[in-house]
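Next comes target15.txt, a file with compact mmCIF, C-alpha atoms.
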```txt
# COMPACT_ATOMS: atom_id res chain seq x y z
CA MET E 1 100.72 27.04 137.13
CA VAL E 2 104.45 26.37 137.07
CA LYS E 3 106.14 27.63 133.93
CA LYS E 4 106.66 24.96 131.29
CA SER E 5 110.31 25.98 130.99
CA ARG E 6 110.79 24.96 134.63
CA LEU E 7 109.10 21.60 133.99
CA ARG E 8 111.43 20.99 131.04
CA GLN E 9 114.53 21.81 133.06
CA LYS E 10 113.58 19.54 135.93
CA LEU E 11 112.73 16.62 133.65
CA LEU E 12 115.90 16.89 131.55
CA LYS E 13 118.06 17.16 134.68
CA TRP E 14 116.37 14.04 136.11
CA TYR E 15 116.84 12.17 132.81
CA ASP E 16 120.53 13.05 132.62
CA ALA E 17 121.04 11.50 136.06
CA ASN E 18 118.73 8.49 135.71
CA LEU E 19 118.54 7.36 132.10
CA ARG E 20 118.88 3.63 131.58
CA ASP E 21 121.75 2.21 129.51
CA LEU E 22 119.85 0.89 126.47
CA PRO E 23 121.52 -0.26 123.24
CA TRP E 24 119.56 2.02 120.91
CA ARG E 25 120.68 5.04 122.93
CA ASP E 26 124.27 4.33 121.87
CA SER E 27 123.36 5.00 118.24
CA HIS E 28 122.45 8.06 116.23
CA ASP E 29 121.60 5.87 113.24
CA ALA E 30 118.04 6.68 112.18
CA TYR E 31 117.48 3.09 111.05
CA ALA E 32 118.41 1.63 114.45
CA ILE E 33 116.21 4.19 116.21
CA TRP E 34 113.30 3.35 113.89
CA VAL E 35 113.67 -0.39 114.58
CA SER E 36 113.84 0.19 118.34
CA GLU E 37 110.72 2.38 118.35
CA VAL E 38 108.73 -0.21 116.41
CA MET E 39 109.89 -3.03 118.69
CA LEU E 40 109.03 -1.03 121.81
CA GLN E 41 105.40 -0.59 120.79
CA GLN E 42 103.35 -2.55 123.35
CA THR E 43 106.46 -4.49 124.39
CA GLN E 44 108.60 -4.17 127.53
CA VAL E 45 112.13 -2.83 127.27
CA GLN E 46 113.84 -5.89 128.75
CA THR E 47 112.07 -8.11 126.22
CA VAL E 48 113.16 -5.90 123.33
CA ILE E 49 116.89 -5.62 124.12
CA PRO E 50 118.07 -9.07 122.86
CA PHE E 51 115.72 -8.93 119.86
CA PHE E 52 117.03 -5.50 118.90
CA ARG E 53 120.65 -6.60 119.00
CA ASN E 54 120.04 -9.80 117.05
CA PHE E 55 117.81 -8.08 114.50
CA LEU E 56 120.44 -5.48 113.63
CA LYS E 57 123.08 -8.18 113.31
CA SER E 58 120.87 -10.06 110.85
CA PHE E 59 119.58 -6.98 109.01
CA PRO E 60 122.14 -4.21 109.58
CA THR E 61 120.81 -1.79 106.94
CA ILE E 62 117.55 -0.71 105.38
CA GLN E 63 118.67 -2.42 102.17
CA ALA E 64 119.25 -5.70 104.02
CA LEU E 65 115.80 -5.43 105.59
CA ALA E 66 114.17 -4.70 102.24
CA ASP E 67 115.87 -7.73 100.64
CA ALA E 68 115.29 -10.16 103.54
CA ASN E 69 113.52 -13.47 103.07
CA PRO E 70 110.10 -13.04 104.77
CA GLN E 71 110.43 -16.34 106.63
CA GLU E 72 113.87 -15.35 107.98
CA LEU E 73 112.40 -12.01 109.00
CA LEU E 74 109.53 -13.64 110.90
CA HIS E 75 111.99 -16.04 112.54
CA ALA E 76 114.08 -13.08 113.78
CA TRP E 77 110.92 -11.52 115.25
CA ALA E 78 109.44 -14.76 116.65
CA GLY E 79 108.57 -14.35 120.32
CA LEU E 80 108.31 -10.56 120.17
CA GLY E 81 104.64 -10.57 119.20
CA TYR E 82 102.46 -8.21 117.14
CA TYR E 83 103.94 -9.56 113.92
CA SER E 84 102.26 -7.05 111.63
CA ARG E 85 104.99 -4.68 112.89
CA VAL E 86 107.80 -6.55 111.17
CA ARG E 87 105.79 -6.98 107.95
CA CYS E 88 105.23 -3.23 107.87
CA LEU E 89 108.93 -2.65 108.64
CA GLN E 90 109.92 -4.57 105.54
CA LYS E 91 107.30 -2.91 103.34
CA ALA E 92 108.47 0.48 104.55
CA ALA E 93 112.12 -0.48 103.94
CA GLN E 94 111.27 -1.49 100.38
CA GLU E 95 109.58 1.87 99.79
CA ILE E 96 112.54 3.71 101.31
CA VAL E 97 114.92 1.91 98.94
CA LYS E 98 112.66 2.66 96.00
CA LYS E 99 111.70 6.27 96.75
CA HIS E 100 114.34 7.62 99.15
CA VAL E 101 117.62 6.03 98.00
CA GLY E 102 117.71 3.72 101.02
CA ARG E 103 117.67 6.51 103.63
CA LEU E 104 114.91 7.28 106.09
CA PRO E 105 113.24 10.53 105.03
CA GLU E 106 113.63 13.50 107.36
CA THR E 107 110.22 15.07 106.80
CA TYR E 108 107.06 14.36 108.77
CA CYS E 109 104.83 13.87 105.71
CA ASP E 110 107.25 11.47 104.02
CA LEU E 111 107.55 9.38 107.18
CA LEU E 112 103.77 9.21 107.68
CA ALA E 113 103.42 7.95 104.10
CA LEU E 114 105.43 4.81 104.95
CA PRO E 115 103.65 1.59 106.03
CA GLY E 116 103.41 1.16 109.79
CA ILE E 117 104.60 4.66 110.68
CA GLY E 118 102.05 6.79 112.50
CA ARG E 119 102.15 10.05 114.37
CA TYR E 120 104.05 8.66 117.36
CA THR E 121 106.74 6.80 115.40
CA ALA E 122 107.30 9.71 113.03
CA GLY E 123 107.73 12.07 115.98
CA ALA E 124 110.12 9.71 117.74
CA ILE E 125 112.32 9.26 114.66
CA LEU E 126 112.43 12.97 113.82
CA SER E 127 113.16 14.10 117.38
CA ILE E 128 115.62 11.39 118.43
CA ALA E 129 117.44 10.74 115.15
CA PHE E 130 117.27 14.20 113.56
CA ASN E 131 116.77 16.52 116.58
CA LYS E 132 113.63 18.04 115.09
CA PRO E 133 110.90 19.49 117.34
CA TYR E 134 108.17 16.86 117.11
CA SER E 135 106.37 15.57 120.19
CA VAL E 136 105.37 11.98 120.99
CA VAL E 137 102.47 10.43 122.83
CA ASP E 138 102.53 6.76 123.81
CA GLY E 139 101.13 4.88 126.80
CA ASN E 140 103.82 6.16 129.16
CA VAL E 141 103.42 9.77 128.05
CA THR E 142 99.64 9.48 128.33
CA ARG E 143 99.95 8.33 131.93
CA VAL E 144 102.46 11.01 132.93
CA LEU E 145 100.65 13.96 131.36
CA SER E 146 97.15 12.90 132.42
CA ARG E 147 98.41 12.86 136.01
CA LEU E 148 100.54 15.98 135.80
CA PHE E 149 97.66 18.07 134.42
CA LEU E 150 94.79 16.13 136.08
CA LEU E 151 93.10 15.13 132.82
CA THR E 152 89.95 13.32 133.89
CA GLU E 153 88.41 12.74 130.44
CA ASP E 154 88.07 9.18 129.19
CA SER E 155 91.49 8.54 127.65
CA ARG E 156 89.92 6.70 124.72
CA THR E 157 88.06 9.73 123.39
CA SER E 158 89.26 11.89 120.50
CA LYS E 159 88.85 14.97 122.71
CA PHE E 160 91.30 13.56 125.26
CA ARG E 161 93.83 12.62 122.57
CA LYS E 162 93.67 16.11 121.09
CA ILE E 163 94.26 17.71 124.50
CA LEU E 164 97.15 15.33 125.18
CA TRP E 165 98.95 15.98 121.90
CA ASN E 166 98.55 19.73 122.39
CA LEU E 167 100.06 19.54 125.87
CA ALA E 168 102.93 17.34 124.66
CA GLY E 169 103.67 19.89 121.94
CA GLN E 170 103.59 22.82 124.38
CA LEU E 171 105.91 21.08 126.84
CA LEU E 172 108.42 19.90 124.23
CA SER E 173 111.94 21.27 124.48
CA ARG E 174 112.85 22.88 121.15
CA ASN E 175 116.54 22.70 122.03
CA SER E 176 116.62 19.01 123.00
CA PRO E 177 113.46 17.41 121.57
CA GLY E 178 114.93 13.91 121.37
CA ASN E 179 116.17 13.86 124.95
CA PHE E 180 112.96 15.45 126.20
CA ASN E 181 110.76 12.85 124.49
CA GLN E 182 112.92 10.02 125.78
CA ALA E 183 112.88 11.54 129.26
CA LEU E 184 109.09 11.76 129.25
CA MET E 185 108.78 8.11 128.19
CA GLU E 186 111.47 7.08 130.68
CA LEU E 187 109.58 8.79 133.48
CA GLY E 188 106.44 6.83 132.66
CA ALA E 189 108.32 3.56 132.32
CA THR E 190 110.35 3.74 135.53
CA ILE E 191 108.63 6.14 137.97
CA CYS E 192 105.07 7.01 136.95
CA SER E 193 103.90 3.40 136.77
CA PRO E 194 100.25 2.31 136.38
CA ARG E 195 100.11 1.04 139.96
CA SER E 196 102.00 2.39 143.00
CA PRO E 197 103.93 5.15 141.20
CA ALA E 198 107.14 6.23 142.93
CA CYS E 199 105.97 9.81 143.39
CA LEU E 200 108.68 10.75 145.88
CA LEU E 201 111.32 10.08 143.20
CA CYS E 202 109.52 12.00 140.48
CA PRO E 203 111.05 15.31 139.33
CA TRP E 204 107.51 16.67 138.91
CA ASN E 205 106.10 15.53 142.27
CA ALA E 206 105.54 19.10 143.47
CA GLU E 207 103.70 20.08 140.28
CA CYS E 208 101.61 16.93 139.75
CA LEU E 209 97.93 17.85 140.14
CA ALA E 210 96.76 14.24 140.39
CA ARG E 211 99.12 13.57 143.30
CA ARG E 212 97.86 16.72 145.01
CA GLU E 213 94.31 15.35 144.76
CA GLY E 214 95.26 11.76 145.61
CA LEU E 215 94.11 10.53 142.17
CA GLU E 216 97.42 9.39 140.68
CA GLU E 217 96.43 5.71 140.53
CA GLN E 218 93.04 6.49 139.01
CA LEU E 219 94.44 8.24 135.95
CA PRO E 220 94.37 7.94 133.02
CA ARG E 221 90.69 7.00 133.04
CA LYS E 222 89.35 4.28 130.78
CA THR E 223 85.66 3.49 130.53
CA GLY E 224 83.87 0.82 128.59
CA ARG E 225 86.78 -1.59 128.47
CA SER E 226 86.19 -4.49 126.12
CA GLU E 227 85.97 -7.88 127.80
CA SER E 228 88.52 -10.55 127.07
CA VAL E 229 87.60 -13.42 124.76
CA GLU E 230 88.30 -16.91 126.07
CA SER E 231 89.44 -19.56 123.60
CA GLN E 232 90.05 -23.29 124.18
CA GLN E 233 92.32 -24.98 121.65
CA ALA E 234 94.00 -28.33 121.15
CA VAL E 235 96.99 -29.36 119.04
CA ALA E 236 98.58 -32.67 118.16
CA VAL E 237 102.34 -33.15 118.27
CA VAL E 238 102.40 -35.90 115.65
CA GLY E 239 105.60 -37.93 115.54
CA HIS E 240 106.69 -40.21 112.70
CA ARG E 241 110.12 -41.83 112.33
CA GLY E 242 111.89 -39.18 114.40
CA ARG E 243 110.14 -36.25 112.75
CA TYR E 244 107.22 -34.07 113.80
CA LEU E 245 104.45 -32.53 111.76
CA ILE E 246 104.20 -28.74 111.57
CA VAL E 247 101.80 -26.67 109.50
CA LYS E 248 101.97 -23.15 108.11
CA ARG E 249 99.26 -20.66 109.07
CA LYS E 250 97.62 -19.16 105.99
CA GLY E 251 94.97 -16.48 105.72
CA ALA E 252 94.95 -15.77 109.46
CA ARG E 253 95.14 -12.22 110.77
CA ILE E 254 97.28 -13.36 113.70
CA LEU E 255 100.60 -15.17 113.14
CA ARG E 256 100.09 -15.48 109.38
CA ASP E 257 102.97 -17.41 107.71
CA PHE E 258 104.19 -18.77 111.05
CA TRP E 259 104.50 -22.50 111.68
CA GLU E 260 102.70 -24.42 114.41
CA PHE E 261 101.41 -27.86 115.37
CA PRO E 262 98.12 -28.85 113.74
CA GLY E 263 95.02 -28.35 115.83
CA CYS E 264 91.69 -26.66 116.29
CA GLU E 265 89.51 -24.58 118.59
CA PHE E 266 86.88 -26.52 120.48
CA LYS E 267 83.96 -26.08 122.86
CA GLN E 268 84.11 -27.38 126.40
CA ALA E 269 81.25 -29.80 125.80
CA GLU E 270 83.00 -31.53 122.90
CA ASP E 271 84.98 -34.76 123.05
CA LEU E 272 88.36 -33.08 122.76
CA ARG E 273 90.35 -36.03 121.44
CA HIS E 274 87.72 -36.93 118.86
CA ALA E 275 87.39 -33.31 117.72
CA LEU E 276 91.15 -32.94 117.33
CA ALA E 277 91.67 -36.20 115.43
CA SER E 278 88.69 -35.46 113.17
CA ARG E 279 89.93 -31.97 112.38
CA ILE E 280 93.39 -33.17 111.41
CA HIS E 281 91.90 -35.90 109.22
CA ARG E 282 89.60 -33.38 107.56
CA ASP E 283 92.23 -30.70 107.01
CA LEU E 284 95.31 -32.78 106.23
CA GLY E 285 93.95 -36.22 105.30
CA LEU E 286 95.95 -37.86 108.09
CA LYS E 287 94.69 -40.48 110.54
CA ILE E 288 96.33 -40.10 113.94
CA CYS E 289 96.30 -41.86 117.31
CA LEU E 290 96.39 -39.46 120.25
CA LYS E 291 98.51 -40.41 123.25
CA ASP E 292 99.38 -38.56 126.46
CA ARG E 293 98.85 -34.88 127.08
CA LEU E 294 102.22 -33.15 126.65
CA VAL E 295 101.56 -29.71 128.12
CA THR E 296 98.91 -27.08 128.73
CA VAL E 297 99.85 -23.59 127.55
CA LYS E 298 98.03 -20.40 128.50
CA HIS E 299 98.79 -17.17 126.69
CA ALA E 300 97.19 -13.98 125.44
CA ILE E 301 97.04 -12.23 122.08
CA THR E 302 95.43 -8.77 122.24
CA LYS E 303 92.07 -9.37 123.98
CA HIS E 304 92.09 -13.14 123.42
CA ARG E 305 92.90 -15.40 126.40
CA ILE E 306 93.89 -18.76 124.95
CA THR E 307 94.35 -22.15 126.60
CA ILE E 308 96.05 -24.78 124.43
CA GLN E 309 96.06 -28.49 125.26
CA ALA E 310 98.95 -30.16 123.43
CA PHE E 311 98.84 -33.96 122.95
CA LEU E 312 101.50 -36.35 121.77
CA ALA E 313 100.29 -38.35 118.78
CA GLU E 314 101.46 -40.77 116.13
CA LEU E 315 100.19 -41.79 112.73
CA ASN E 316 97.65 -44.58 112.49
CA PRO E 317 99.48 -47.76 111.38
CA SER E 318 97.23 -47.97 108.31
CA GLN E 319 98.17 -44.42 107.26
CA PRO E 320 100.46 -44.23 104.18
CA THR E 321 103.80 -42.51 104.75
CA PRO E 322 103.07 -38.79 104.37
CA THR E 323 105.09 -36.35 102.30
CA LYS E 324 105.66 -32.65 102.78
CA SER E 325 103.47 -30.10 101.02
CA ARG E 326 103.34 -26.34 100.61
CA ILE E 327 101.76 -25.95 104.04
CA THR E 328 103.16 -28.96 105.93
CA ARG E 329 106.62 -30.14 106.94
CA TRP E 330 107.96 -33.19 108.78
CA VAL E 331 110.95 -31.94 110.76
CA ARG E 332 113.38 -33.21 113.35
CA LEU E 333 113.68 -31.26 116.58
CA SER E 334 117.18 -30.25 115.49
CA GLU E 335 115.64 -28.56 112.42
CA VAL E 336 112.78 -26.56 113.94
CA ASP E 337 114.92 -23.46 114.57
CA ARG E 338 114.83 -22.84 110.82
CA TYR E 339 111.13 -22.04 111.04
CA PRO E 340 109.35 -19.09 112.70
CA PHE E 341 107.09 -20.13 115.59
CA GLY E 342 104.88 -18.02 117.86
CA SER E 343 105.54 -17.94 121.59
CA ALA E 344 102.87 -20.55 122.43
CA SER E 345 104.29 -23.03 119.92
CA MET E 346 107.78 -22.38 121.24
CA ARG E 347 106.60 -23.38 124.72
CA ILE E 348 105.16 -26.59 123.30
CA LEU E 349 108.49 -27.26 121.56
CA LYS E 350 110.31 -26.73 124.85
CA ALA E 351 108.02 -29.25 126.57
CA LEU E 352 108.68 -31.73 123.76
CA ARG E 353 112.45 -31.25 124.01
CA ASP E 354 112.32 -31.65 127.80
CA ARG E 355 110.31 -34.83 127.49
CA GLN E 356 112.63 -36.24 124.86
CA ALA E 357 115.68 -35.37 126.99
CA SER E 358 114.13 -37.20 129.95
CA GLY E 359 113.66 -40.31 127.81
CA VAL E 360 109.93 -40.46 128.50
CA MET E 361 108.28 -40.66 125.08
```

In C-alpha cells, how does this file's structure come out?
Amino acid sequence: MVKKSRLRQKLLKWYDANLRDLPWRDSHDAYAIWVSEVMLQQTQVQTVIPFFRNFLKSFPTIQALADANPQELLHAWAGLGYYSRVRCLQKAAQEIVKKHVGRLPETYCDLLALPGIGRYTAGAILSIAFNKPYSVVDGNVTRVLSRLFLLTEDSRTSKFRKILWNLAGQLLSRNSPGNFNQALMELGATICSPRSPACLLCPWNAECLARREGLEEQLPRKTGRSESVESQQAVAVVGHRGRYLIVKRKGARILRDFWEFPGCEFKQAEDLRHALASRIHRDLGLKICLKDRLVTVKHAITKHRITIQAFLAELNPSQPTPTKSRITRWVRLSEVDRYPFGSASMRILKALRDRQASGVM
C-alpha cells in the first residue's frame, strides 16, 4: 500500500492548485466557519454562497445571532431548508454567550456539548478555524475513502462508520489539518462525484482500489434504502380587498413557525375542492369560494415527495370581514417579504406575483 504521507502530499498539492474561491475560505473567524459548515450540511455549495453572505451581514457576531428575533432568523434562512439547523445555531449561540463569553470554545468536548454540533462539525471547526488535528467525515469524504480503500461494507452500518473514521484519522495531516479536511471534501465535491467521477483528474487515481477493480460507481454501498413517501396537498390563496391570507405552522416537525397558505393533505379519491374548502372552514372558521388553479408545485423534504395544488380563492360574500389572529395574517404582496416562507410557498408566491403582473386575476 502507498504510504499515507504520499497520499497527503498529493492531495494537498492538488488542493493548492484547484481549490474553489469560496467566501468562507477568506475568513479565519471561527464563527463564520461554523455558520458555513452548518449551512453546507446536505446543501450544495452554490446554494449556500448567497445565504452565507446575507446571513453574516444580518448576524455578524455570535452575540447578534443569540439576540436575533426568531422570525427574522427563519426569514434569513428561508429557502435553504433543514430549518432545525438554524434553530440549533441560535440555541448554541445563546449557550456560547452564557458559558463561553461569546467565543466558540476550542475544545472538542465543549463543542460537542453545544446544540446541533456533532462529531463532523466539531472536527471541521477545530481543524479549519483552530488548526487542531481532528478529522471529518461527511458524504463527500465517505465517497472518496470508500473508493480509495475499496470499502464494500454497507455504508449505513456502525462497523463501516467506525472503519471510515479510523481511516480519516490515520490519513489526516497533523501539520495542515484544516487544509487537508477541506481538500478531502473538495475532492469529493468536484472530482469523486456519485456518478461518472472524473478519475483521470484525481490526484489519487493511481492508488484508488475501487478504480482498479472498476467499482468506483458502485461505492459507497447502501442497502435497504427507505422508499419515498408520496403526499398530495392542496392550498387556497385566499384574496380579500387586496390582501391574502397566510397562516403560521405550529407544532409541526417540518417548517415549524414558518408561514404558508392554508390547506390540507388529501387522498386522490377525494373531491379536492370540497376537501380544501371544508378544511379551511373547520380550522379557521372561514367560508371560501375556490376559483382557478394557480399553480402545481412539486418538491421534496427528506424522504417525502410532495405535490401541492394551489388554487385562487375569495371569501364567501356572506362571510364577515376577518381579522388577524395569533396564527393568521392578511397581507399585501408587498408585505410578504417580512415573513419566513418555505421554498414551496415561495414558488406559489412567485406564481401569484406573475399572475398579478399579467393582469389576469

(request) Using CA of Lys13 in chain E and CA of Gly169 in chain E as the two end points, give the distance in Å to one decimal. (result)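 Separation between CA of Lys13 in chain E and CA of Gly169 in chain E: 19.4 Å.
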
(message) Taking (94.0, -39.9, 119.6) in the coordinates of the supplied file, I want to know which residues reach to within 8 Å of it, counting all atoms listed in the file; could you give the answer as a PyMOL selection string?
(response) chain E and resi 273-274+276-277+288-291+313

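Taking CA of Ser5 in chain E and CA of Leu126 in chain E as endpoints, the distance between them is 21.6 Å.
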
(message) Set the distance at 12 Å and use only C-alpha atoms: which residues neighbour Leu284 in chain E once local chain neighbours fewer than 2 positions away are removed? I'd like the list as number ranges by chain.
(response) E: 245-248, 262-263, 276-282, 286-288, 322-329

(request) To one decimal in Å, tell me the separation between CA of His100 in chain E and CA of Tyr83 in chain E. (result)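 About the pair CA of His100 in chain E and CA of Tyr83 in chain E: they are 24.9 Å apart.
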
Range 182-231 of chain E near range 160-165 of chain E within 12 Å: what's each residue's closest atom pair and its distance in Å to one decimal, counting all atoms listed in the file, ordered by chain then ascending residue number, as a Markdown table?
```
| residue | atom | partner | partner_atom | distance |
| --- | --- | --- | --- | --- |
| E:Pro220 | CA | E:Phe160 | CA | 10.1 |
| E:Arg221 | CA | E:Phe160 | CA | 10.2 |
| E:Lys222 | CA | E:Phe160 | CA | 11.0 |
```

(request) Give the answer as one residue: which of E:Ala183, E:Ile33, E:Val237, E:Met346 has the shortest atom-to-atom distance to Leu12 in chain E, using all atoms listed in the file? (result)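 Under the stated criterion, the closest residue is E:Ala183.
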
Padding 3 Å on every side, please: axis-aligned box over the listed atoms of range 243-260 of chain E, centre and edge lengths to one decimal in Å, as JSON.
```
{"center_x": 102.5, "center_y": -24.2, "center_z": 110.1, "size_x": 21.2, "size_y": 30.0, "size_z": 14.7}
```

(request) Have a look at E:Lys3, E:Leu19, E:Val229, E:Tyr108 and name the one nearest to Ile191 in chain E; count only C-alpha atoms. (result)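 Residue with the minimum atom-to-atom distance to Ile191 in chain E: E:Leu19.
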
(request) Rank nothing, just name the residue among E:Asn166, E:Leu74, E:Val141, E:Leu65 nearest to Cys192 in chain E, using all atoms listed in the file. (result)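 With all atoms listed in the file as the atom set, the closest residue is E:Val141.
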
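Nearest residue to Tyr15 in chain E, choosing from E:Val137, E:Leu201, E:Leu89, E:Val238 and counting only C-alpha atoms: E:Leu201.
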
(message) Using all atoms listed in the file for the distances, tell me which of E:Asp138, E:Glu106, E:Glu37, E:Asp154 is nearest to Ala168 in chain E.
(response)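 Closest to Ala168 in chain E, using all atoms listed in the file: E:Asp138.
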
(request) Do a neighbour search on Asp67 in chain E at 12 Å with only C-alpha atoms, toss out local chain neighbours closer than 6 positions, and write the hits as a PyMOL selection string. (result) chain E and resi 58-61+73+89-98+102

Restrict the selected residues to C-alpha atoms and save them as a PDB file, keeping the file's coordinate frame.
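Ended up saving to again-v1.pdb:
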```
ATOM      1  CA  SER E  58     120.870 -10.060 110.850  1.00  0.00           C
ATOM      2  CA  PHE E  59     119.580  -6.980 109.010  1.00  0.00           C
ATOM      3  CA  PRO E  60     122.140  -4.210 109.580  1.00  0.00           C
ATOM      4  CA  THR E  61     120.810  -1.790 106.940  1.00  0.00           C
ATOM      5  CA  LEU E  73     112.400 -12.010 109.000  1.00  0.00           C
ATOM      6  CA  LEU E  89     108.930  -2.650 108.640  1.00  0.00           C
ATOM      7  CA  GLN E  90     109.920  -4.570 105.540  1.00  0.00           C
ATOM      8  CA  LYS E  91     107.300  -2.910 103.340  1.00  0.00           C
ATOM      9  CA  ALA E  92     108.470   0.480 104.550  1.00  0.00           C
ATOM     10  CA  ALA E  93     112.120  -0.480 103.940  1.00  0.00           C
ATOM     11  CA  GLN E  94     111.270  -1.490 100.380  1.00  0.00           C
ATOM     12  CA  GLU E  95     109.580   1.870  99.790  1.00  0.00           C
ATOM     13  CA  ILE E  96     112.540   3.710 101.310  1.00  0.00           C
ATOM     14  CA  VAL E  97     114.920   1.910  98.940  1.00  0.00           C
ATOM     15  CA  LYS E  98     112.660   2.660  96.000  1.00  0.00           C
ATOM     16  CA  GLY E 102     117.710   3.720 101.020  1.00  0.00           C
TER      17      GLY E 102
END
```
